[in-house]
$ cat run.pdb   # PDB, C-alpha atoms, pLDDT in the B column
ATOM      1  CA  MET F1417      -3.898   8.392 -32.705  1.00 57.00           C
ATOM      2  CA  ASN F1418      -6.496   8.040 -29.962  1.00 78.00           C
ATOM      3  CA  GLN F1419      -5.903   4.293 -29.774  1.00 77.00           C
ATOM      4  CA  PHE F1420      -2.178   4.956 -29.317  1.00 77.00           C
ATOM      5  CA  ASN F1421      -2.918   7.283 -26.377  1.00 84.00           C
ATOM      6  CA  GLU F1422      -5.191   4.686 -24.764  1.00 84.00           C
ATOM      7  CA  GLU F1423      -2.552   1.967 -25.166  1.00 88.00           C
ATOM      8  CA  TYR F1424       0.122   4.270 -23.761  1.00 89.00           C
ATOM      9  CA  GLU F1425      -2.090   5.115 -20.764  1.00 87.00           C
ATOM     10  CA  LYS F1426      -2.640   1.391 -20.151  1.00 87.00           C
ATOM     11  CA  TYR F1427       1.110   0.823 -20.386  1.00 90.00           C
ATOM     12  CA  LEU F1428       1.842   3.593 -17.884  1.00 91.00           C
ATOM     13  CA  GLN F1429      -0.775   2.222 -15.492  1.00 88.00           C
ATOM     14  CA  ALA F1430       0.667  -1.309 -15.772  1.00 89.00           C
ATOM     15  CA  LYS F1431       4.203   0.015 -15.238  1.00 93.00           C
ATOM     16  CA  LYS F1432       3.052   1.895 -12.142  1.00 91.00           C
ATOM     17  CA  GLN F1433       1.450  -1.305 -10.805  1.00 91.00           C
ATOM     18  CA  VAL F1434       4.631  -3.325 -11.448  1.00 94.00           C
ATOM     19  CA  ASP F1435       6.699  -0.658  -9.670  1.00 95.00           C
ATOM     20  CA  GLU F1436       4.312  -0.832  -6.682  1.00 93.00           C
ATOM     21  CA  ILE F1437       4.684  -4.619  -6.477  1.00 95.00           C
ATOM     22  CA  LYS F1438       8.464  -4.360  -6.844  1.00 97.00           C
ATOM     23  CA  GLY F1439       8.562  -1.802  -4.033  1.00 96.00           C
ATOM     24  CA  PHE F1440       6.504  -4.106  -1.840  1.00 97.00           C
ATOM     25  CA  TYR F1441       8.889  -7.029  -2.369  1.00 98.00           C
ATOM     26  CA  ILE F1442      11.889  -4.819  -1.558  1.00 98.00           C
ATOM     27  CA  ASN F1443      10.094  -3.674   1.616  1.00 97.00           C
ATOM     28  CA  LEU F1444       9.311  -7.305   2.488  1.00 98.00           C
ATOM     29  CA  ALA F1445      12.955  -8.380   2.037  1.00 98.00           C
ATOM     30  CA  CYS F1446      14.152  -5.488   4.227  1.00 98.00           C
ATOM     31  CA  TYR F1447      11.485  -6.352   6.819  1.00 98.00           C
ATOM     32  CA  ILE F1448      12.706  -9.942   7.058  1.00 98.00           C
ATOM     33  CA  LEU F1449      16.417  -9.092   7.159  1.00 98.00           C
ATOM     34  CA  VAL F1450      16.163  -6.229   9.643  1.00 98.00           C
ATOM     35  CA  ASN F1451      13.848  -8.135  11.971  1.00 97.00           C
ATOM     36  CA  LEU F1452      16.099 -11.205  11.928  1.00 98.00           C
ATOM     37  CA  PHE F1453      18.980  -8.908  12.880  1.00 98.00           C
ATOM     38  CA  LEU F1454      16.901  -7.337  15.663  1.00 97.00           C
ATOM     39  CA  LEU F1455      15.970 -10.811  16.907  1.00 97.00           C
ATOM     40  CA  TRP F1456      19.646 -11.769  17.018  1.00 97.00           C
ATOM     41  CA  ILE F1457      20.528  -8.568  18.920  1.00 97.00           C
ATOM     42  CA  ASN F1458      17.637  -9.104  21.336  1.00 97.00           C
ATOM     43  CA  LEU F1459      18.510 -12.739  22.086  1.00 96.00           C
ATOM     44  CA  LYS F1460      22.229 -12.014  22.412  1.00 96.00           C
ATOM     45  CA  TYR F1461      22.125  -8.945  24.677  1.00 96.00           C
ATOM     46  CA  SER F1462      18.790  -9.037  26.514  1.00 95.00           C
ATOM     47  CA  PRO F1463      17.114 -12.440  26.210  1.00 94.00           C
ATOM     48  CA  GLU F1464      15.114 -11.864  29.396  1.00 96.00           C
ATOM     49  CA  TYR F1465      12.925  -9.282  27.633  1.00 95.00           C
ATOM     50  CA  LEU F1466      11.806  -9.921  24.071  1.00 95.00           C
ATOM     51  CA  TRP F1467      11.464  -6.377  22.727  1.00 96.00           C
ATOM     52  CA  PHE F1468      11.991  -7.275  19.067  1.00 95.00           C
ATOM     53  CA  PHE F1469       8.247  -8.002  18.766  1.00 95.00           C
ATOM     54  CA  TRP F1470       7.456  -4.266  18.848  1.00 97.00           C
ATOM     55  CA  PRO F1471       9.283  -3.221  15.669  1.00 96.00           C
ATOM     56  CA  LEU F1472       8.144  -6.491  14.090  1.00 97.00           C
ATOM     57  CA  LEU F1473       4.519  -5.590  14.825  1.00 97.00           C
ATOM     58  CA  GLY F1474       4.764  -1.916  13.848  1.00 97.00           C
ATOM     59  CA  TRP F1475       6.547  -2.502  10.566  1.00 97.00           C
ATOM     60  CA  GLY F1476       4.318  -5.519   9.910  1.00 97.00           C
ATOM     61  CA  ILE F1477       1.198  -3.344  10.058  1.00 97.00           C
ATOM     62  CA  GLY F1478       2.763  -0.923   7.586  1.00 96.00           C
ATOM     63  CA  LEU F1479       3.811  -3.823   5.368  1.00 97.00           C
ATOM     64  CA  PHE F1480       0.247  -5.156   5.398  1.00 95.00           C
ATOM     65  CA  PHE F1481      -1.112  -1.834   4.121  1.00 91.00           C
ATOM     66  CA  HIS F1482       1.666  -1.642   1.550  1.00 93.00           C
ATOM     67  CA  ALA F1483       0.644  -5.093   0.286  1.00 93.00           C
ATOM     68  CA  MET F1484      -2.987  -4.033   0.091  1.00 90.00           C
ATOM     69  CA  LYS F1485      -2.017  -1.047  -2.039  1.00 88.00           C
ATOM     70  CA  ALA F1486       0.461  -2.938  -4.225  1.00 89.00           C
ATOM     71  CA  PHE F1487      -1.948  -5.765  -5.016  1.00 88.00           C
ATOM     72  CA  ASN F1488      -5.013  -3.504  -5.363  1.00 82.00           C
ATOM     73  CA  PHE F1489      -6.874  -4.967  -2.426  1.00 81.00           C
ATOM     74  CA  ALA F1490      -8.538  -2.030  -0.734  1.00 69.00           C
ATOM     75  CA  PRO F1491     -12.201  -2.896  -0.284  1.00 66.00           C
ATOM     76  CA  PHE F1492     -13.061   0.339   1.510  1.00 66.00           C
ATOM     77  CA  LEU F1493     -10.869   2.935  -0.160  1.00 64.00           C
ATOM     78  CA  GLY F1494     -10.320   1.390  -3.583  1.00 63.00           C
ATOM     79  CA  LYS F1495     -10.790   2.849  -7.036  1.00 64.00           C
ATOM     80  CA  ASP F1496     -14.523   2.023  -7.070  1.00 70.00           C
ATOM     81  CA  TRP F1497     -15.040   3.830  -3.781  1.00 71.00           C
ATOM     82  CA  GLU F1498     -13.177   6.849  -5.090  1.00 74.00           C
ATOM     83  CA  GLU F1499     -15.254   6.981  -8.279  1.00 75.00           C
ATOM     84  CA  LYS F1500     -18.534   6.581  -6.366  1.00 79.00           C
ATOM     85  CA  LYS F1501     -17.598   9.401  -3.977  1.00 79.00           C
ATOM     86  CA  LEU F1502     -16.637  11.690  -6.856  1.00 81.00           C
ATOM     87  CA  LYS F1503     -19.949  10.974  -8.582  1.00 82.00           C
ATOM     88  CA  GLU F1504     -21.822  11.511  -5.308  1.00 84.00           C
ATOM     89  CA  PHE F1505     -20.197  14.901  -4.726  1.00 85.00           C
ATOM     90  CA  MET F1506     -20.716  15.963  -8.343  1.00 83.00           C
ATOM     91  CA  ASP F1507     -24.399  14.994  -8.188  1.00 82.00           C
ATOM     92  CA  LYS F1508     -24.777  16.806  -4.882  1.00 80.00           C
ATOM     93  CA  GLU F1509     -23.180  19.938  -6.343  1.00 78.00           C
ATOM     94  CA  LYS F1510     -25.360  19.754  -9.454  1.00 74.00           C
ATOM     95  CA  ASN F1511     -28.538  19.342  -7.369  1.00 77.00           C
ATOM     96  CA  SER F1512     -27.633  22.242  -5.081  1.00 74.00           C
ATOM     97  CA  LYS F1513     -27.285  24.580  -8.065  1.00 66.00           C
ATOM     98  CA  TYR F1514     -30.864  23.870  -9.141  1.00 61.00           C
ATOM     99  CA  GLU F1515     -32.379  24.553  -5.740  1.00 58.00           C
TER
END

$ encode --input "run.pdb" --output "structure tokens"
Amino acid sequence: MNQFNEEYEKYLQAKKQVDEIKGFYINLACYILVNLFLLWINLKYSPEYLWFFWPLLGWGIGLFFHAMKAFNFAPFLGKDWEEKKLKEFMDKEKNSKYE
């Protein structure tokens, strides 16, 4: 029964990861379509000032962080960092009790 629980946990984790990647690709498609539309509006109605770069940049930064999360690339705040910090705080708490 324990092996079944471990396999089910792995399945849930993999499903969560696939959903994250799917969400990223949906966000990417929306980013491209909306920004192409904004480019068209900008060039048609006010070509003297290219303002479409601002939403492109802002959303692009958010999209970058979404990609980092979806593809598990977070060198500073990843799972390893989280586990090390938890262990550090637990050790600190344990040591303070003995003092």

$ atom_distance --input "run.pdb" --atom1 "CA of Ile1437 (chain F)" --atom2 "CA of Ala1483 (chain F)"
7.9 Å

$ atom_distance --input "run.pdb" --atom1 "CA of Lys1438 (chain F)" --atom2 "CA of Leu1454 (chain F)"
24.2 Å

$ resolve_selection --input "run.pdb" --expression "the PyMOL selection byres ((chain F and resi 1451) around 12)" --output "list in words"
Asn1443, Leu1444, Ala1445, Cys1446, Tyr1447, Ile1448, Leu1449, Val1450, Leu1452, Phe1453, Leu1454, Leu1455, Trp1456, Ile1457, Asn1458, Trp1467, Phe1468, Phe1469, Trp1470, Pro1471, Leu1472, Leu1473, Gly1474, Trp1475 and Gly1476 of chain F

$ write_last_selection --input "run.pdb" --atoms "C-alpha atoms" --output "PDB file, keeping the file's coordinate frame"
ATOM      1  CA  ASN F1443      10.094  -3.674   1.616  1.00 97.00           C
ATOM      2  CA  LEU F1444       9.311  -7.305   2.488  1.00 98.00           C
ATOM      3  CA  ALA F1445      12.955  -8.380   2.037  1.00 98.00           C
ATOM      4  CA  CYS F1446      14.152  -5.488   4.227  1.00 98.00           C
ATOM      5  CA  TYR F1447      11.485  -6.352   6.819  1.00 98.00           C
ATOM      6  CA  ILE F1448      12.706  -9.942   7.058  1.00 98.00           C
ATOM      7  CA  LEU F1449      16.417  -9.092   7.159  1.00 98.00           C
ATOM      8  CA  VAL F1450      16.163  -6.229   9.643  1.00 98.00           C
ATOM      9  CA  LEU F1452      16.099 -11.205  11.928  1.00 98.00           C
ATOM     10  CA  PHE F1453      18.980  -8.908  12.880  1.00 98.00           C
ATOM     11  CA  LEU F1454      16.901  -7.337  15.663  1.00 97.00           C
ATOM     12  CA  LEU F1455      15.970 -10.811  16.907  1.00 97.00           C
ATOM     13  CA  TRP F1456      19.646 -11.769  17.018  1.00 97.00           C
ATOM     14  CA  ILE F1457      20.528  -8.568  18.920  1.00 97.00           C
ATOM     15  CA  ASN F1458      17.637  -9.104  21.336  1.00 97.00           C
ATOM     16  CA  TRP F1467      11.464  -6.377  22.727  1.00 96.00           C
ATOM     17  CA  PHE F1468      11.991  -7.275  19.067  1.00 95.00           C
ATOM     18  CA  PHE F1469       8.247  -8.002  18.766  1.00 95.00           C
ATOM     19  CA  TRP F1470       7.456  -4.266  18.848  1.00 97.00           C
ATOM     20  CA  PRO F1471       9.283  -3.221  15.669  1.00 96.00           C
ATOM     21  CA  LEU F1472       8.144  -6.491  14.090  1.00 97.00           C
ATOM     22  CA  LEU F1473       4.519  -5.590  14.825  1.00 97.00           C
ATOM     23  CA  GLY F1474       4.764  -1.916  13.848  1.00 97.00           C
ATOM     24  CA  TRP F1475       6.547  -2.502  10.566  1.00 97.00           C
ATOM     25  CA  GLY F1476       4.318  -5.519   9.910  1.00 97.00           C
TER      26      GLY F1476
END

$ axis_aligned_box --input "run.pdb" --around "region 1464-1476 of chain F" --padding-each-side "8 Å" --output "AutoDock Vina command-line options"
--center_x 9.7 --center_y -6.9 --center_z 19.7 --size_x 26.8 --size_y 25.9 --size_z 35.5

$ atom_distance --input "run.pdb" --atom1 "CA of Asn1421 (chain F)" --atom2 "CA of His1482 (chain F)"
29.7 Å

$ resolve_selection --input "run.pdb" --expression "the PyMOL selection byres ((chain F and resi 1429-1436) around 9)" --output "list in words"
Tyr1424, Glu1425, Lys1426, Tyr1427, Leu1428, Ile1437, Lys1438, Gly1439, Phe1440, Tyr1441, His1482, Ala1483, Lys1485, Ala1486, Phe1487 and Asn1488 of chain F
